[in-house]
Amino acid sequence: MTQTAIVTGGGRGLGAAIAARLASDGMKVIVADLDEAAARATSDEIRAAGYTSEWETCDVTQEGEVAALVESVVERHGSLHHLVASAAIETRAKLADTTDDDWNQILDVNLKGPFLCMKHAIPRIAASGGGSIVLMGSVLGFIGQPSYSAYCASKGALANLMKQASIEHAAEGVRVNLVSPSATDTGLFLRMAESTGNPDAIIDMVIRNNPMQRLGTGDEIAATVSFLCSPGAAYLSGAVIPLDGGMAARRIV
Ligand SMILES: NC(=O)c1ccc[n+]([C@@H]2O[C@H](COP(=O)([O-])OP(=O)(O)OC[C@H]3O[C@@H](n4cnc5c(N)ncnc54)[C@H](O)[C@@H]3O)[C@@H](O)[C@H]2O)c1
């Protein structure tokens with residue numbers, strides 16, 4: 001039976017790479033994004049490559065939209081097996097300069113969004129015989145980074161929400177894990193580097209600080225998400241999986 005997966009934030013960056021990978025694994029992939037053009041473009045690209053995909057617009061901060069997304073997928077396909085929560089935003093401001101609006105917006109998209117997606121997807125995944133939820137965390141959920149206080153807080157809280165969901169729903173066959181990438185060659189990181197006007201300097205600095213001396217790639221993140229959605233990961237739940245070239249290990253010693 002063909003499995004069905006929703007990828008939020010699938011219009012761009014890591015979400016787009018993950019959507020393409022899951023589709024090439026043989027899943028029907030629903031690319032869900034706030035940005036209609038981006039969602040459509042990812043989905044079109046997947047279909048052009050010969051795989052199965054649809055797109056839907058959805059603001060993950062709006063419970064009604066999340067519920068409608070999940071219901072429409074189940075209505076059309078009869079089941080839902082996997083959810084990848086990749087939609088997120090960041091702003092750069094020191095804690096004392098973070099506005100109330102920025103704080104609320106980041107926590108809404110990065111933490112409440114995955115909460116709402118899990119709330120509505122979990123019962124459907126359980127009813128479909130079980131499956132996998134992958135939350136997109138960040139190394140910044142486990143360390144501080146100047147000017148990222150709201151983002152760091154959102155990703156740290158997401159890790160504990162993942163653990164909570166994994167133990168509450170394990171008996172229903174719903175596995176929940178969080179991947180924790182460091183800077184990769186796509187998405188938020190690249191745009192942040194470009195916005196400084198000197199992207200090469202930022203990228204060089206990040207590379208020098210990474211034990212593997214390079215950025216991660218979208219394909220590498222997608223390969224791990226693919227594994228987490230595969231039968232090989234059947235006993236894997238409640239885990240934080242570092243995808244960071246060894247950065248987390250180095251911090252511990
Ligand atoms: N890119 C990196 O190097 C990196 C590193 C560590 C962690 N991450 C995490 O990986 C995930 C993906 O990041 P990315 O770099 O691909 O980001 P991105 O900005 O390239 O893509 C995020 C997508 O989410 C969508 N989105 C934003 N708000 C939304 C909302 N309210 N509802 C629905 N969709 C919304 C955007 O339209 C965009 O298409 C995020 O959770 C991010 O925190 C990324």
# chains A, B, ... in the order shown; residues from 1 in each chain; ligands from 1
>>> residues_around(residues="Leu215 (chain A)", least_positions_apart="3", cutoff="12 Å", atoms="only C-alpha atoms", output="ChimeraX atom specification")
/A:181-186,189-190,202-212,218-221,243-247
>>> closest_atom_pairs(of="chain A", to="ligand 1", cutoff="7 Å", atoms="only C-alpha atoms and all ligand atoms", output="JSON lines")
{"residue": "A:Thr8", "atom": "CA", "partner": "ligand 1", "partner_atom_place_in_ligand_line": "34 (N)", "distance": 5.9}
{"residue": "A:Gly9", "atom": "CA", "partner": "ligand 1", "partner_atom_place_in_ligand_line": "24 (O)", "distance": 3.4}
{"residue": "A:Gly10", "atom": "CA", "partner": "ligand 1", "partner_atom_place_in_ligand_line": "39 (O)", "distance": 5.9}
{"residue": "A:Gly11", "atom": "CA", "partner": "ligand 1", "partner_atom_place_in_ligand_line": "39 (O)", "distance": 4.2}
{"residue": "A:Arg12", "atom": "CA", "partner": "ligand 1", "partner_atom_place_in_ligand_line": "39 (O)", "distance": 4.1}
{"residue": "A:Gly13", "atom": "CA", "partner": "ligand 1", "partner_atom_place_in_ligand_line": "16 (O)", "distance": 3.4}
{"residue": "A:Leu14", "atom": "CA", "partner": "ligand 1", "partner_atom_place_in_ligand_line": "16 (O)", "distance": 3.7}
{"residue": "A:Gly15", "atom": "CA", "partner": "ligand 1", "partner_atom_place_in_ligand_line": "16 (O)", "distance": 5.3}
{"residue": "A:Ala32", "atom": "CA", "partner": "ligand 1", "partner_atom_place_in_ligand_line": "33 (C)", "distance": 6.7}
{"residue": "A:Asp33", "atom": "CA", "partner": "ligand 1", "partner_atom_place_in_ligand_line": "34 (N)", "distance": 4.0}
{"residue": "A:Leu34", "atom": "CA", "partner": "ligand 1", "partner_atom_place_in_ligand_line": "33 (C)", "distance": 4.0}
{"residue": "A:Asp35", "atom": "CA", "partner": "ligand 1", "partner_atom_place_in_ligand_line": "37 (O)", "distance": 4.7}
{"residue": "A:Ala38", "atom": "CA", "partner": "ligand 1", "partner_atom_place_in_ligand_line": "39 (O)", "distance": 6.2}
{"residue": "A:Cys58", "atom": "CA", "partner": "ligand 1", "partner_atom_place_in_ligand_line": "33 (C)", "distance": 5.4}
{"residue": "A:Asp59", "atom": "CA", "partner": "ligand 1", "partner_atom_place_in_ligand_line": "32 (N)", "distance": 3.5}
{"residue": "A:Val60", "atom": "CA", "partner": "ligand 1", "partner_atom_place_in_ligand_line": "32 (N)", "distance": 4.0}
{"residue": "A:Thr61", "atom": "CA", "partner": "ligand 1", "partner_atom_place_in_ligand_line": "31 (N)", "distance": 5.3}
{"residue": "A:Ser86", "atom": "CA", "partner": "ligand 1", "partner_atom_place_in_ligand_line": "11 (C)", "distance": 4.3}
{"residue": "A:Ala87", "atom": "CA", "partner": "ligand 1", "partner_atom_place_in_ligand_line": "24 (O)", "distance": 3.6}
{"residue": "A:Ala88", "atom": "CA", "partner": "ligand 1", "partner_atom_place_in_ligand_line": "41 (O)", "distance": 4.5}
{"residue": "A:Ile89", "atom": "CA", "partner": "ligand 1", "partner_atom_place_in_ligand_line": "27 (C)", "distance": 5.7}
{"residue": "A:Val109", "atom": "CA", "partner": "ligand 1", "partner_atom_place_in_ligand_line": "31 (N)", "distance": 5.0}
{"residue": "A:Asn110", "atom": "CA", "partner": "ligand 1", "partner_atom_place_in_ligand_line": "41 (O)", "distance": 6.8}
{"residue": "A:Met136", "atom": "CA", "partner": "ligand 1", "partner_atom_place_in_ligand_line": "41 (O)", "distance": 4.5}
{"residue": "A:Gly137", "atom": "CA", "partner": "ligand 1", "partner_atom_place_in_ligand_line": "7 (C)", "distance": 5.6}
{"residue": "A:Ser138", "atom": "CA", "partner": "ligand 1", "partner_atom_place_in_ligand_line": "7 (C)", "distance": 4.1}
{"residue": "A:Val139", "atom": "CA", "partner": "ligand 1", "partner_atom_place_in_ligand_line": "6 (C)", "distance": 6.5}
{"residue": "A:Ser180", "atom": "CA", "partner": "ligand 1", "partner_atom_place_in_ligand_line": "7 (C)", "distance": 6.4}
{"residue": "A:Pro181", "atom": "CA", "partner": "ligand 1", "partner_atom_place_in_ligand_line": "6 (C)", "distance": 4.3}
{"residue": "A:Ser182", "atom": "CA", "partner": "ligand 1", "partner_atom_place_in_ligand_line": "6 (C)", "distance": 4.8}
{"residue": "A:Ala183", "atom": "CA", "partner": "ligand 1", "partner_atom_place_in_ligand_line": "3 (O)", "distance": 3.7}
{"residue": "A:Thr184", "atom": "CA", "partner": "ligand 1", "partner_atom_place_in_ligand_line": "3 (O)", "distance": 3.7}
{"residue": "A:Asp185", "atom": "CA", "partner": "ligand 1", "partner_atom_place_in_ligand_line": "3 (O)", "distance": 6.3}
{"residue": "A:Thr186", "atom": "CA", "partner": "ligand 1", "partner_atom_place_in_ligand_line": "1 (N)", "distance": 5.1}
{"residue": "A:Gly187", "atom": "CA", "partner": "ligand 1", "partner_atom_place_in_ligand_line": "20 (O)", "distance": 3.2}
{"residue": "A:Leu188", "atom": "CA", "partner": "ligand 1", "partner_atom_place_in_ligand_line": "15 (O)", "distance": 3.6}
{"residue": "A:Phe189", "atom": "CA", "partner": "ligand 1", "partner_atom_place_in_ligand_line": "3 (O)", "distance": 4.4}
{"residue": "A:Leu190", "atom": "CA", "partner": "ligand 1", "partner_atom_place_in_ligand_line": "1 (N)", "distance": 6.8}
>>> residues_around(residues="Cys229 (chain A)", least_positions_apart="5", cutoff="8 Å", atoms="only C-alpha atoms", output="MDAnalysis selection string")
chainID A and resid 82 131:133
>>> closest_residue(among="A:Gln3, A:Ser226, A:Ser24, A:Gln164", to="Met118 (chain A)", atoms="only C-alpha atoms")
A:Gln164
>>> residues_around(residues="region 102-104 of chain A", least_positions_apart="4", cutoff="9 Å", atoms="only C-alpha atoms", output="JSON, numbers by chain")
{"A": [90, 91, 98, 108, 109, 149, 150, 151]}
>>> atom_distance(atom1="CA of Ser147 (chain A)", atom2="CA of Ile106 (chain A)")
13.2 Å
>>> closest_residue(among="A:Ala249, A:Glu71, A:Val134, A:Thr196", to="Ala233 (chain A)", atoms="only C-alpha atoms")
A:Val134
>>> closest_residue(among="A:Pro199, A:Pro242, A:Glu36, A:Ser43", to="Leu22 (chain A)", atoms="only C-alpha atoms")
A:Ser43
>>> select_by_dssp(residues="region 89-251 of chain A", states="strand (DSSP E)", output="JSON, numbers by chain")
{"A": [131, 132, 133, 134, 135, 136, 174, 175, 176, 177, 178, 179, 180, 181, 240, 241, 242, 243]}
>>> closest_residue(among="A:Gly238, A:Arg92, A:Asn198, A:Ala17", to="Ile167 (chain A)", atoms="only C-alpha atoms")
A:Gly238
>>> atom_distance(atom1="CA of Tyr51 (chain A)", atom2="CA of Ile6 (chain A)")
14.7 Å
